[in-house]
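**Q** The structure under discussion is supplied below as structure tokens; questions concerning it will follow.
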Amino acid sequence: MRWNDFDSSMKSAVALVTALVVLGLLAGGLSLQLQERWPVLVFLVAFFGVVLFLGAVSAWQHLTEPKQANLGTFKTASIFHMSPDRRPYGRSGWVIARDLGMLALVMALAAFVIHSFSLGGDALRGYESEGHHYVRLHANATEVTADQWRLNRRLGIAVFGLLPVAVLAALVAAYKERHDRFHYRDMT
């Protein structure tokens, strides 16, 4: 495919992904050069903000899309004897569950990553010894307060707990969307 074959939304998406990759590489290089974590932390906040914004815009467009039939849906409806004024499929509860599950997963992951970067490691790889709490990043262990350690551990458990739920909801929603595209009861 050539660049001119893409529509404007695809060009915008490719440009945004390219800009985020370049900014991420610059933030990582600056972070290594300065021996500080704040450039990567700022990038992660911006990245997850953009992801949440784009997800909200996509959900809003999907909810408010026009319900009139175009030529393609009219042809499909006439072939399968379906009424053309109806949408071929609606938003089921699984689609909403998928959207909410992915939103919760992205928010929990953002909170966990940002909190881990601010502490200098995560509590899932860290440990507790004689009343002291340590977070670990690679081989470096950093002592933190008990409240910080517990919060980071709970955020990590939330991420790994939400992951299978969000994936299962996405798989069921994809199956239901594909299955509900045609109303089999209208084919008689």
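Going by the structure tokens order, chains are called A, B, ..., each with residues numbered from 1, while ligands are numbered from 1 in the order shown.
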Any idea what's packed within 6 Å of A:Asp122, counting only C-alpha atoms, ignoring anything in its chain fewer than 5 positions away? Could you give it as a PyMOL selection string?
**A** chain A and resi 116+135-136
**Q** Near A:Leu44, counting only C-alpha atoms, which residues have an atom at most 12 Å away, once you skip same-chain residues fewer than 2 positions from it, shown as a count of residues only?
**A** 31
**Q** Just to confirm, what's the straight-line distance from atom CA of A:Ser129 to atom CA of A:Glu143 in Å (one decimal)?
**A**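 Those two atoms sit 10.3 Å apart.
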**Q** With only C-alpha atoms as the atoms that count, which of A:Val22, A:Leu30, A:Met102, A:Ile96 lies nearest to A:Pro164?
**A**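 Selected residue with least distance to A:Pro164: A:Met102.
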**Q** Might you pull out every residue within 12 Å of A:Tyr127, with only C-alpha atoms counted and same-chain residues fewer than 4 positions away left off, and present them as a list of chain:residue names?
**A**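 Answer for this query is A:Gly121, A:Asp122, A:Ala123, A:Gly131, A:His132, A:His133, A:Tyr134, A:Val135, A:Arg136, A:Leu137, A:Asn140, A:Ala141, A:Thr142, A:Glu143, A:Val144, A:Ala146, A:Trp149, A:Arg150, A:Asn152, A:Arg153.
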**Q** If you keep C-alpha atoms, can you produce a file of those selected residues as a PDB file, in the first residue's frame?
**A**
ATOM      1  CA  GLY A 121      10.752  -0.431  41.182  1.00  0.00           C
ATOM      2  CA  ASP A 122       7.695  -2.556  41.796  1.00  0.00           C
ATOM      3  CA  ALA A 123       6.499  -4.488  44.808  1.00  0.00           C
ATOM      4  CA  GLY A 131       9.490  -4.827  58.899  1.00  0.00           C
ATOM      5  CA  HIS A 132      11.235  -3.115  55.978  1.00  0.00           C
ATOM      6  CA  HIS A 133       9.624  -3.010  52.540  1.00  0.00           C
ATOM      7  CA  TYR A 134      11.654  -3.012  49.338  1.00  0.00           C
ATOM      8  CA  VAL A 135      10.715  -2.527  45.694  1.00  0.00           C
ATOM      9  CA  ARG A 136      12.964  -3.940  43.051  1.00  0.00           C
ATOM     10  CA  LEU A 137      13.962  -2.862  39.565  1.00  0.00           C
ATOM     11  CA  ASN A 140      18.436  -2.658  42.563  1.00  0.00           C
ATOM     12  CA  ALA A 141      16.263  -2.734  45.677  1.00  0.00           C
ATOM     13  CA  THR A 142      14.875   0.500  47.125  1.00  0.00           C
ATOM     14  CA  GLU A 143      13.329   0.783  50.575  1.00  0.00           C
ATOM     15  CA  VAL A 144       9.867   2.369  50.656  1.00  0.00           C
ATOM     16  CA  ALA A 146       4.738   0.044  54.009  1.00  0.00           C
ATOM     17  CA  TRP A 149       4.647  -0.988  49.017  1.00  0.00           C
ATOM     18  CA  ARG A 150       1.073  -2.211  49.680  1.00  0.00           C
ATOM     19  CA  ASN A 152       2.051  -0.788  44.470  1.00  0.00           C
ATOM     20  CA  ARG A 153       1.406  -4.465  45.157  1.00  0.00           C
TER      21      ARG A 153
END
**Q** So what do you get for atom CA of A:Asn4 versus atom CA of A:Ala56, distance-wise?
**A**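 These atoms are spaced 27.5 Å apart.
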**Q** Could you tell me how far atom CA of A:Val159 lies from atom CA of A:Leu100, in Å and to one decimal?
**A**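 Computing the Euclidean distance for atom CA of A:Val159 and atom CA of A:Leu100 yields 14.0 Å.
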**Q** Near A:Ala173, counting only C-alpha atoms, which residues have an atom at most 9 Å away, once you skip same-chain residues fewer than 2 positions from it, shown as number ranges by chain?
**A** A: 92-98, 168-171, 175-178
**Q** So that I can check the secondary structure, give me every residue of stretch 95-140 of chain A assigned strand (DSSP E) by backbone DSSP, as a VMD selection string.
**A** chain A and resid 122 to 129 132 to 137 140
**Q** Using only N, CA and C atoms, please write the residues we just selected to a file, as a compact mmCIF listing (two decimals), in the first residue's frame.
**A**
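Below is the file part_13.txt, written as the result:
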# COMPACT_ATOMS: atom_id res chain seq x y z
N ASP A 122 9.06 -2.13 41.47
CA ASP A 122 7.70 -2.56 41.80
C ASP A 122 7.71 -3.56 42.94
N ALA A 123 6.60 -3.63 43.63
CA ALA A 123 6.50 -4.49 44.81
C ALA A 123 6.28 -5.95 44.44
N LEU A 124 5.86 -6.23 43.22
CA LEU A 124 5.67 -7.63 42.82
C LEU A 124 6.99 -8.37 42.78
N ARG A 125 8.04 -7.68 42.37
CA ARG A 125 9.37 -8.28 42.39
C ARG A 125 10.12 -7.92 43.68
N GLY A 126 9.56 -7.03 44.45
CA GLY A 126 10.18 -6.61 45.71
C GLY A 126 9.94 -7.63 46.81
N TYR A 127 10.30 -7.24 48.03
CA TYR A 127 10.15 -8.16 49.14
C TYR A 127 10.00 -7.37 50.44
N GLU A 128 9.62 -8.11 51.48
CA GLU A 128 9.43 -7.56 52.82
C GLU A 128 10.36 -8.33 53.75
N SER A 129 11.17 -7.60 54.53
CA SER A 129 12.14 -8.26 55.40
C SER A 129 12.26 -7.49 56.71
N HIS A 132 10.84 -4.04 57.03
CA HIS A 132 11.24 -3.12 55.98
C HIS A 132 10.66 -3.61 54.65
N HIS A 133 10.24 -2.66 53.82
CA HIS A 133 9.62 -3.01 52.54
C HIS A 133 10.50 -2.49 51.41
N TYR A 134 10.76 -3.36 50.44
CA TYR A 134 11.65 -3.01 49.34
C TYR A 134 10.94 -3.26 48.00
N VAL A 135 11.14 -2.32 47.08
CA VAL A 135 10.72 -2.53 45.69
C VAL A 135 11.97 -2.81 44.89
N ARG A 136 11.80 -3.54 43.81
CA ARG A 136 12.96 -3.94 43.05
C ARG A 136 12.79 -3.60 41.58
N LEU A 137 13.87 -3.08 41.00
CA LEU A 137 13.96 -2.86 39.57
C LEU A 137 15.28 -3.48 39.13
N ASN A 140 18.44 -3.73 41.56
CA ASN A 140 18.44 -2.66 42.56
C ASN A 140 17.18 -2.74 43.43
**Q** Which residue, A:Gly120, A:Leu155, A:Ala139, A:Leu105, has the smallest gap to A:Val167 when you use only C-alpha atoms?
**A** A:Leu105
